[in-house]
>>> print(open('final.cif').read())   # mmCIF, C-alpha atoms
data_final
#
loop_
_atom_site.label_atom_id
_atom_site.label_comp_id
_atom_site.auth_asym_id
_atom_site.auth_seq_id
_atom_site.Cartn_x
_atom_site.Cartn_y
_atom_site.Cartn_z
CA MET U 24 107.73 102.30 74.02
CA GLN U 25 110.16 104.85 75.40
CA LEU U 26 112.73 104.40 78.12
CA GLU U 27 111.03 106.81 80.49
CA TYR U 28 107.96 104.60 80.93
CA TYR U 29 110.13 101.77 82.22
CA LEU U 30 111.98 104.16 84.49
CA ILE U 31 108.67 105.33 85.97
CA ILE U 32 107.71 101.72 86.75
CA GLY U 33 111.08 101.32 88.48
CA LEU U 34 110.53 104.58 90.32
CA ILE U 35 107.09 103.54 91.58
CA LEU U 36 108.45 100.17 92.74
CA PHE U 37 111.40 101.81 94.49
CA LEU U 38 109.20 104.33 96.29
CA LEU U 39 106.75 101.64 97.40
CA GLY U 40 109.67 99.59 98.73
CA LEU U 41 111.12 102.60 100.52
CA TYR U 42 107.73 103.35 102.06
CA THR U 43 107.41 99.76 103.26
CA CYS U 44 110.91 99.82 104.69
CA LEU U 45 110.27 103.04 106.59
CA THR U 46 106.83 102.29 108.00
CA ARG U 47 106.93 98.60 108.87
CA VAL U 48 107.87 97.47 112.36
CA ASN U 49 107.95 93.80 111.39
CA ALA U 50 111.41 92.71 110.24
CA ILE U 51 110.03 90.44 107.49
CA GLY U 52 108.01 93.35 106.13
CA MET U 53 111.14 95.49 105.98
CA LEU U 54 112.89 92.66 104.14
CA MET U 55 110.10 92.58 101.55
CA GLY U 56 110.49 96.32 101.07
CA ILE U 57 114.19 95.82 100.43
CA GLU U 58 113.37 93.11 97.86
CA LEU U 59 111.04 95.52 96.06
CA MET U 60 113.75 98.20 95.94
CA LEU U 61 116.38 95.76 94.62
CA ASN U 62 113.95 94.63 91.94
CA ALA U 63 113.31 98.18 90.87
CA ALA U 64 117.07 98.67 90.42
CA GLY U 65 117.32 95.47 88.37
CA LEU U 66 114.44 96.51 86.15
CA ASN U 67 116.11 99.87 85.55
CA PHE U 68 119.39 98.17 84.61
CA VAL U 69 117.61 95.96 82.08
CA ALA U 70 115.65 98.88 80.62
CA PHE U 71 118.78 101.02 80.24
CA SER U 72 120.71 98.22 78.56
CA HIS U 73 117.85 97.59 76.12
CA PHE U 74 117.64 101.24 75.15
CA ASN U 75 121.41 101.68 74.91
CA GLY U 76 122.12 99.92 71.64
CA ASN U 77 121.71 96.35 72.88
CA HIS U 78 124.74 96.42 75.12
CA ILE U 79 123.91 93.62 77.51
CA ASP U 80 126.19 94.77 80.32
CA GLY U 81 123.07 95.79 82.21
CA HIS U 82 121.80 92.21 82.14
CA ILE U 83 124.97 91.11 83.96
CA MET U 84 124.30 93.71 86.62
CA ALA U 85 120.68 92.54 86.96
CA ILE U 86 121.87 88.96 87.47
CA PHE U 87 124.39 90.15 90.07
CA ILE U 88 121.56 92.02 91.84
CA ILE U 89 119.46 88.85 91.95
CA VAL U 90 122.34 86.77 93.30
CA LEU U 91 123.32 89.35 95.91
CA ALA U 92 119.66 89.67 96.93
CA ALA U 93 119.68 85.93 97.56
CA ALA U 94 122.78 86.26 99.75
CA GLU U 95 121.21 89.22 101.58
CA ALA U 96 117.96 87.35 102.18
CA VAL U 97 119.81 84.31 103.55
CA VAL U 98 121.84 86.35 106.03
CA ALA U 99 118.90 88.55 107.04
CA LEU U 100 116.62 85.58 107.66
CA ALA U 101 119.32 83.79 109.69
CA VAL U 102 119.76 86.89 111.86
CA LEU U 103 115.98 87.15 112.16
CA LEU U 104 115.70 83.56 113.36
CA ALA U 105 118.45 84.20 115.93
CA ILE U 106 116.60 87.33 117.11
CA TYR U 107 113.39 85.35 117.42
CA LYS U 108 115.14 82.66 119.45
CA ARG U 109 116.60 85.27 121.81
CA PHE U 110 113.72 87.77 122.17
CA LYS U 111 110.63 85.79 121.06
CA VAL U 112 109.55 88.75 118.89
CA ILE U 113 110.45 89.96 115.41
CA ASP U 114 109.22 93.53 115.88
CA THR U 115 112.17 95.85 115.50
CA ASP U 116 110.84 98.31 118.10
CA LYS U 117 111.11 95.64 120.83
CA VAL U 118 114.70 94.63 120.11
CA VAL U 119 116.34 97.67 121.66
CA THR U 120 118.85 96.23 124.10
CA LEU U 121 121.66 98.31 122.61
CA LYS U 122 119.79 101.45 123.71
CA GLU U 123 119.67 100.43 127.37
CA MET Z 4 99.47 98.03 74.82
CA ILE Z 5 100.86 94.95 76.55
CA PHE Z 6 103.24 97.23 78.41
CA TYR Z 7 100.36 99.08 80.07
CA LEU Z 8 98.73 95.81 81.13
CA ILE Z 9 101.94 94.49 82.69
CA ALA Z 10 102.76 97.84 84.29
CA PHE Z 11 99.30 98.00 85.80
CA GLY Z 12 99.75 94.47 87.12
CA ILE Z 13 103.14 95.28 88.64
CA VAL Z 14 101.92 98.39 90.43
CA VAL Z 15 98.70 96.79 91.71
CA THR Z 16 100.48 93.69 93.04
CA ALA Z 17 103.18 95.85 94.64
CA ILE Z 18 100.53 97.96 96.38
CA LEU Z 19 98.72 94.81 97.52
CA THR Z 20 102.06 93.50 98.83
CA ILE Z 21 102.57 96.46 101.09
CA ALA Z 22 98.89 96.89 101.98
CA SER Z 23 98.02 93.33 103.03
CA ARG Z 24 97.72 92.96 106.78
CA ASN Z 25 98.70 89.30 106.77
CA SER Z 26 102.37 88.59 106.11
CA VAL Z 27 101.77 85.32 104.23
CA VAL Z 28 99.29 87.00 101.86
CA SER Z 29 101.80 89.82 101.43
CA ALA Z 30 104.56 87.40 100.47
CA LEU Z 31 102.31 85.69 97.91
CA TRP Z 32 101.45 89.04 96.31
CA LEU Z 33 105.18 89.79 96.15
CA VAL Z 34 105.61 86.55 94.17
CA ALA Z 35 102.96 87.77 91.72
CA CYS Z 36 104.76 91.12 91.44
CA LEU Z 37 108.07 89.38 90.66
CA PHE Z 38 106.36 87.29 87.97
CA ALA Z 39 104.95 90.41 86.34
CA GLN Z 40 108.40 92.02 86.39
CA ALA Z 41 109.82 88.93 84.69
CA ILE Z 42 107.23 89.33 81.92
CA LEU Z 43 108.25 92.97 81.52
CA MET Z 44 111.90 91.87 81.25
CA VAL Z 45 110.94 89.46 78.46
CA THR Z 46 109.48 92.38 76.51
CA LEU Z 47 112.88 94.08 76.99
CA GLU Z 48 114.64 91.10 75.36
CA ALA Z 49 116.27 90.10 78.65
CA HIS Z 50 115.37 86.43 78.44
CA LEU Z 51 118.04 85.02 80.75
CA VAL Z 52 117.42 87.69 83.39
CA ALA Z 53 113.69 86.97 83.27
CA ALA Z 54 114.30 83.25 83.71
CA MET Z 55 116.67 83.95 86.62
CA GLN Z 56 114.08 86.28 88.12
CA VAL Z 57 111.44 83.55 88.11
CA LEU Z 58 113.77 80.75 89.22
CA LEU Z 59 115.80 82.56 91.87
CA TYR Z 60 113.64 85.43 93.05
CA ALA Z 61 110.08 84.19 92.75
CA GLY Z 62 111.22 80.65 93.39
CA ALA Z 63 114.08 80.35 95.84
CA ILE Z 64 114.11 83.62 97.78
CA MET Z 65 110.35 83.86 98.25
CA VAL Z 66 110.15 80.21 99.32
CA LEU Z 67 112.85 81.00 101.89
CA ILE Z 68 110.91 84.00 103.19
CA LEU Z 69 107.64 82.03 103.36
CA PHE Z 70 109.49 79.18 105.07
CA VAL Z 71 110.84 81.53 107.74
CA ILE Z 72 107.41 83.14 108.23
CA MET Z 73 105.98 79.69 108.90
CA LEU Z 74 108.98 78.57 110.97
CA LEU Z 75 108.57 81.52 113.32
CA ASN Z 76 105.19 80.07 114.31
CA LEU Z 77 103.65 83.42 115.13
CA THR Z 78 100.19 83.78 116.60
CA PRO Z 79 97.56 85.32 114.30
CA LYS Z 80 97.83 88.58 116.22
CA GLU Z 81 101.59 88.72 115.75
CA LEU Z 82 101.21 87.79 112.09
CA LYS Z 83 99.44 91.08 111.37
CA TRP Z 84 101.68 93.88 110.25
CA LYS Z 85 102.27 96.71 112.66
CA PHE Z 86 103.15 100.20 111.59
CA ILE Z 87 105.17 102.73 113.54
CA ALA Z 88 103.42 105.55 115.36
CA GLY Z 89 101.80 108.35 113.40
CA GLU Z 90 100.65 106.02 110.66
CA ARG Z 91 98.41 108.60 109.06
CA LEU Z 92 101.16 111.24 109.05
CA ILE Z 93 103.59 108.83 107.37
CA LEU Z 94 100.97 107.75 104.84
CA GLY Z 95 100.13 111.35 103.98
CA SER Z 96 103.74 112.42 103.57
CA GLY Z 97 104.45 109.32 101.53
CA VAL Z 98 101.55 109.99 99.19
CA ILE Z 99 102.58 113.63 98.76
CA TYR Z 100 106.17 112.61 98.07
CA LEU Z 101 105.12 109.95 95.57
CA ALA Z 102 102.80 112.38 93.81
CA GLY Z 103 105.56 114.98 93.60
CA VAL Z 104 108.14 112.59 92.19
CA MET Z 105 105.64 111.14 89.72
CA GLY Z 106 104.57 114.59 88.61
CA LEU Z 107 108.20 115.56 88.06
CA ALA Z 108 108.86 112.40 86.04
CA LEU Z 109 105.78 112.88 83.85
CA TRP Z 110 106.70 116.54 83.34
CA ILE Z 111 110.20 115.57 82.20
CA ILE Z 112 108.74 113.07 79.71
CA TYR Z 113 106.29 115.67 78.43
CA LYS Z 114 109.00 118.28 78.00
CA LYS Z 115 111.73 116.13 76.55
CA GLY Z 116 109.95 113.53 74.49
CA ALA Z 117 111.74 110.44 73.26
CA SER Z 118 115.48 110.60 73.82
CA PHE Z 119 116.51 106.96 73.78
CA VAL Z 120 115.39 104.64 71.03
CA PRO Z 121 115.77 100.85 71.20
CA ALA Z 122 118.33 99.35 68.88
CA ALA Z 123 117.08 97.01 66.20
CA GLY Z 124 118.41 93.80 67.65
CA GLY Z 125 116.05 91.20 66.30
CA GLY Z 126 115.21 89.85 69.74
CA THR Z 127 118.46 88.01 70.37
CA ALA Z 128 120.18 90.42 72.74
CA GLY Z 129 119.72 88.76 76.10
CA THR Z 130 120.02 85.09 75.27
CA VAL Z 131 121.94 82.64 77.44
CA GLU Z 132 124.76 82.51 74.90
CA ALA Z 133 125.37 86.26 74.73
CA VAL Z 134 125.03 86.93 78.45
CA GLY Z 135 127.02 83.85 79.40
CA LYS Z 136 129.87 84.78 77.07
CA LEU Z 137 130.05 88.26 78.58
CA LEU Z 138 129.80 86.84 82.09
CA LEU Z 139 132.82 84.59 81.61
CA THR Z 140 135.04 87.01 79.70
CA LYS Z 141 134.58 90.67 80.53
CA TYR Z 142 132.94 90.13 83.92
CA ALA Z 143 134.86 87.03 84.99
CA LEU Z 144 136.38 88.65 88.08
CA PRO Z 145 133.08 90.12 89.42
CA PHE Z 146 131.46 86.74 88.73
CA GLU Z 147 134.03 84.97 90.91
CA LEU Z 148 133.74 87.65 93.59
CA VAL Z 149 129.96 87.18 93.67
CA SER Z 150 130.44 83.44 94.17
CA VAL Z 151 132.83 84.15 97.06
CA THR Z 152 130.21 86.50 98.52
CA LEU Z 153 127.61 83.74 98.30
CA LEU Z 154 129.97 81.34 100.06
CA VAL Z 155 130.60 83.85 102.85
CA ALA Z 156 126.83 84.45 103.16
CA ILE Z 157 126.18 80.70 103.48
CA VAL Z 158 128.88 80.31 106.15
CA GLY Z 159 127.57 83.37 108.01
CA ALA Z 160 123.99 82.09 107.88
CA ILE Z 161 125.04 78.69 109.23
CA LEU Z 162 127.07 80.26 112.05
CA THR Z 163 124.26 82.70 112.94
CA GLY Z 164 121.48 80.15 112.80
CA ARG Z 165 123.33 77.42 114.68
CA GLY Z 166 122.01 76.69 118.13
CA LYS Z 167 124.19 76.83 121.19
#
>>> encode(input="final.cif", output="structure tokens")
Amino acid sequence: MQLEYYLIIGLILFLLGLYTCLTRVNAIGMLMGIELMLNAAGLNFVAFSHFNGNHIDGHIMAIFIIVLAAAEAVVALAVLLAIYKRFKVIDTDKVVTLKE
Amino acid sequence: MIFYLIAFGIVVTAILTIASRNSVVSALWLVACLFAQAILMVTLEAHLVAAMQVLLYAGAIMVLILFVIMLLNLTPKELKWKFIAGERLILGSGVIYLAGVMGLALWIIYKKGASFVPAAGGGTAGTVEAVGKLLLTKYALPFELVSVTLLVAIVGAILTGRGK
């Protein structure tokens, strides 16, 4: 199996995540889109490191991506809970007090 | 052959993730997608990364997201996804963009052929020993910085989520 096939899987995942992120109003939906995009990047790192003479530096980067995605999810969900407590909605088109 | 099966599974579960109207169903499909990606990583000899993917991503992070979805206690009407205005326009432009990028990628593969070949490693590249050794020698400083980032994220989450 060639490298390009794995890159296409990563590309499809990234585009689906980007599409989700752009079209969803719900904040949790946007978060899931971000998770998909981060996963696509991790998959690409692993594929590149496998096809680059077994240098496993890419695996380290994939692990860092997973850990940083955990940190990102924790902070995003805490902010989301605070928004829900304050506004009683999680739709991002209703939380527009900065615009007023 | 197994690659095509897993790739098909990944793409289908990802599409179901973004197409489900219910957010809980969507999160469960995302768990399935992460599992399929972990299987693909095993075929790439990234055993530790695949295990981390299942434990941390499909386990911890998705449980957190599901927990928050249930904690928000939304009504069934609020639980449905909403899309921004001009849904059909966005969908159409997205499909055209995806088709264009995919066509370009397939054309590049067709023109160029195989450029990278996998090294004959014997299936021991991404074991815990190899990755762990690299993580604590060459990447020791980034490793510590990531742990500091996690600590800051925990403190920030506690401060943000704390009630008045």
>>> interface_residues(input="final.cif", of="chain U", to="chain Z", cutoff="6 Å", atoms="only C-alpha atoms", output="list in words")
Thr46, Arg47, Val48, Phe74, Gly76, Ala94, Val98, Ala101 and Ala105 of chain U
>>> resolve_selection(input="final.cif", expression="the PyMOL selection byres ((chain U and resi 67) around 9)", output="list in words")
Tyr29, Leu30, Ile32, Gly33, Leu34, Asn62, Ala63, Ala64, Gly65, Leu66, Phe68, Val69, Ala70, Phe71, Ser72, Gly81 and Ala85 of chain U
>>> atom_distance(input="final.cif", atom1="CA of Leu107 (chain Z)", atom2="CA of Met60 (chain U)")
19.9 Å
>>> residues_around(input="final.cif", residues="Leu59 (chain U)", least_positions_apart="5", cutoff="7 Å", atoms="all atoms listed in the file", output="VMD selection string")
chain U and resid 36 to 37 40
>>> atom_distance(input="final.cif", atom1="CA of Gly56 (chain U)", atom2="CA of Gly103 (chain Z)")
20.7 Å
>>> atom_distance(input="final.cif", atom1="CA of Ala35 (chain Z)", atom2="CA of Thr16 (chain Z)")
6.6 Å
>>> build_atoms(input="final.cif", residues="region 73-84 of chain U", atoms="all heavy atoms", output="compact mmCIF listing (two decimals), in the coordinates of the input")
# COMPACT_ATOMS: atom_id res chain seq x y z
N HIS U 73 118.62 97.81 77.36
CA HIS U 73 117.85 97.59 76.12
C HIS U 73 117.83 98.85 75.26
O HIS U 73 117.90 98.76 74.03
CB HIS U 73 116.42 97.20 76.48
CG HIS U 73 115.53 97.03 75.29
ND1 HIS U 73 115.73 96.03 74.36
CD2 HIS U 73 114.46 97.72 74.86
CE1 HIS U 73 114.80 96.12 73.42
NE2 HIS U 73 114.02 97.14 73.69
N PHE U 74 117.75 100.00 75.91
CA PHE U 74 117.64 101.24 75.15
C PHE U 74 118.99 101.86 74.85
O PHE U 74 119.07 102.98 74.39
CB PHE U 74 116.77 102.24 75.90
CG PHE U 74 115.32 101.89 75.84
CD1 PHE U 74 114.74 101.12 76.82
CD2 PHE U 74 114.55 102.30 74.78
CE1 PHE U 74 113.41 100.77 76.76
CE2 PHE U 74 113.22 101.95 74.70
CZ PHE U 74 112.65 101.19 75.69
N ASN U 75 120.08 101.13 75.14
CA ASN U 75 121.41 101.68 74.91
C ASN U 75 122.13 100.83 73.85
O ASN U 75 123.24 100.37 74.06
CB ASN U 75 122.21 101.72 76.22
CG ASN U 75 123.47 102.51 76.08
OD1 ASN U 75 123.59 103.33 75.19
ND2 ASN U 75 124.41 102.26 76.97
N GLY U 76 121.48 100.60 72.75
CA GLY U 76 122.12 99.92 71.64
C GLY U 76 122.44 98.47 71.90
O GLY U 76 123.46 97.97 71.46
N ASN U 77 121.56 97.78 72.65
CA ASN U 77 121.71 96.35 72.88
C ASN U 77 123.02 95.95 73.53
O ASN U 77 123.51 94.85 73.33
CB ASN U 77 121.54 95.56 71.57
CG ASN U 77 120.09 95.18 71.37
OD1 ASN U 77 119.31 95.23 72.32
ND2 ASN U 77 119.74 94.83 70.17
N HIS U 78 123.63 96.85 74.29
CA HIS U 78 124.74 96.42 75.12
C HIS U 78 124.16 95.67 76.31
O HIS U 78 123.32 96.22 77.03
CB HIS U 78 125.56 97.62 75.61
CG HIS U 78 126.35 98.26 74.53
ND1 HIS U 78 126.17 99.56 74.14
CD2 HIS U 78 127.33 97.77 73.75
CE1 HIS U 78 126.99 99.84 73.15
NE2 HIS U 78 127.71 98.77 72.89
N ILE U 79 124.57 94.42 76.49
CA ILE U 79 123.91 93.62 77.51
C ILE U 79 124.67 93.64 78.83
O ILE U 79 124.49 92.77 79.65
CB ILE U 79 123.71 92.17 77.03
CG1 ILE U 79 125.02 91.60 76.52
CG2 ILE U 79 122.64 92.10 75.97
CD1 ILE U 79 124.91 90.16 76.17
N ASP U 80 125.50 94.67 79.04
CA ASP U 80 126.19 94.77 80.32
C ASP U 80 125.19 94.92 81.47
O ASP U 80 125.42 94.42 82.57
CB ASP U 80 127.14 95.97 80.33
CG ASP U 80 128.17 95.86 79.23
OD1 ASP U 80 127.77 95.72 78.06
OD2 ASP U 80 129.37 95.92 79.53
N GLY U 81 124.08 95.60 81.17
CA GLY U 81 123.07 95.79 82.21
C GLY U 81 122.45 94.48 82.66
O GLY U 81 122.09 94.34 83.83
N HIS U 82 122.36 93.51 81.75
CA HIS U 82 121.80 92.21 82.14
C HIS U 82 122.70 91.54 83.18
O HIS U 82 122.20 90.91 84.12
CB HIS U 82 121.70 91.32 80.91
CG HIS U 82 120.71 91.81 79.90
ND1 HIS U 82 120.31 91.08 78.83
CD2 HIS U 82 120.04 92.97 79.82
CE1 HIS U 82 119.44 91.76 78.11
NE2 HIS U 82 119.28 92.93 78.70
N ILE U 83 124.03 91.69 82.99
CA ILE U 83 124.97 91.11 83.96
C ILE U 83 124.71 91.72 85.34
O ILE U 83 124.67 91.02 86.35
CB ILE U 83 126.41 91.39 83.52
CG1 ILE U 83 126.62 91.00 82.07
CG2 ILE U 83 127.39 90.70 84.43
CD1 ILE U 83 126.81 89.58 81.83
N MET U 84 124.53 93.05 85.35
CA MET U 84 124.30 93.71 86.62
C MET U 84 122.99 93.23 87.25
O MET U 84 122.92 93.04 88.46
CB MET U 84 124.25 95.22 86.42
CG MET U 84 125.55 95.82 85.99
SD MET U 84 126.86 95.46 87.13
CE MET U 84 128.26 95.51 86.07
